[in-house]
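Shown next, in structure tokens, is the structure this report addresses.
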Amino acid sequence: MSGRVLTRLAPVVLVLAASLTACGGDADTDPPAADQAATPSESPSESPSESPSDSGTESDAVALTVTREGDSFTPNGERVELGIDQPLVLTIEADEAGELHVHTTPEQTIAYDAGTSEHEIVVDRPGVLEVESHDPDVILLQLEVR
């Protein structure tokens with residue numbers, strides 16, 4: 001490639017890189033969460049569990065409990081590893097209704113009521129994306145999809 005072509009491509013590459021981090025906030029430097037078995041009595045701070053099998057089936061779904069108490073959420077910014085098309089099952093325990101946004105293409109919205117509800121997220125492309133609340137503005141999870 002000539003220098004002229006590279007000079008014209010540089011701004012495009014920078015815009016694309018910036019758009020991938022636009023909704024992000026600070027980079028997460030923590031290592032991925034350790035695997036632990038999820039149980040119905042799982043506390044909000046425990047990590048998701050994964051079963052060792054091929055991705056894309058219910059048996060290898062990652063299970064995670066999200067707790068909302070007022071404007072506080074648990075987990076808060078935790079990174080979760082998923083395979084492409086591997087289900088993430090969120091059990092949401094909330095003291096008030098709300099909505100989560102999953103920054104996929106197209107964006108997924110998870111509306112939940114007060115009480116306990118279960119929701120499934122499936123991502124069909126690799127990358128790192130966020131699950132967040134806009135009211136209050138909190139990043140709950142970073143999904144690392146491979």
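Please note that chains go A, B, ... in the order of the structure tokens, that every chain numbers its residues from 1, and that ligands are numbered from 1 in the order shown.
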Open item on the list: I'd like the contact shell of A:Ser117 - 7 Å cut-off, only C-alpha atoms, skipping same-chain residues fewer than 2 positions apart - returned as a list in words.
Closed with: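 What passes the distance filter is Thr91, Ile92, Glu93, Tyr112, Gly115 and His119 of chain A.
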- [ ] Please measure the separation of atom CA of A:Asp137 and atom CA of A:Arg125, giving the value in Å to one decimal.
- [x]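 Value for the atom CA of A:Asp137-atom CA of A:Arg125 distance: 25.1 Å.
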TODO: Find the distance between atom CA of A:Pro75 and atom CA of A:Glu107 and write it in Å to one decimal.
DONE: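 Computing it gives 20.6 Å between the two atoms.
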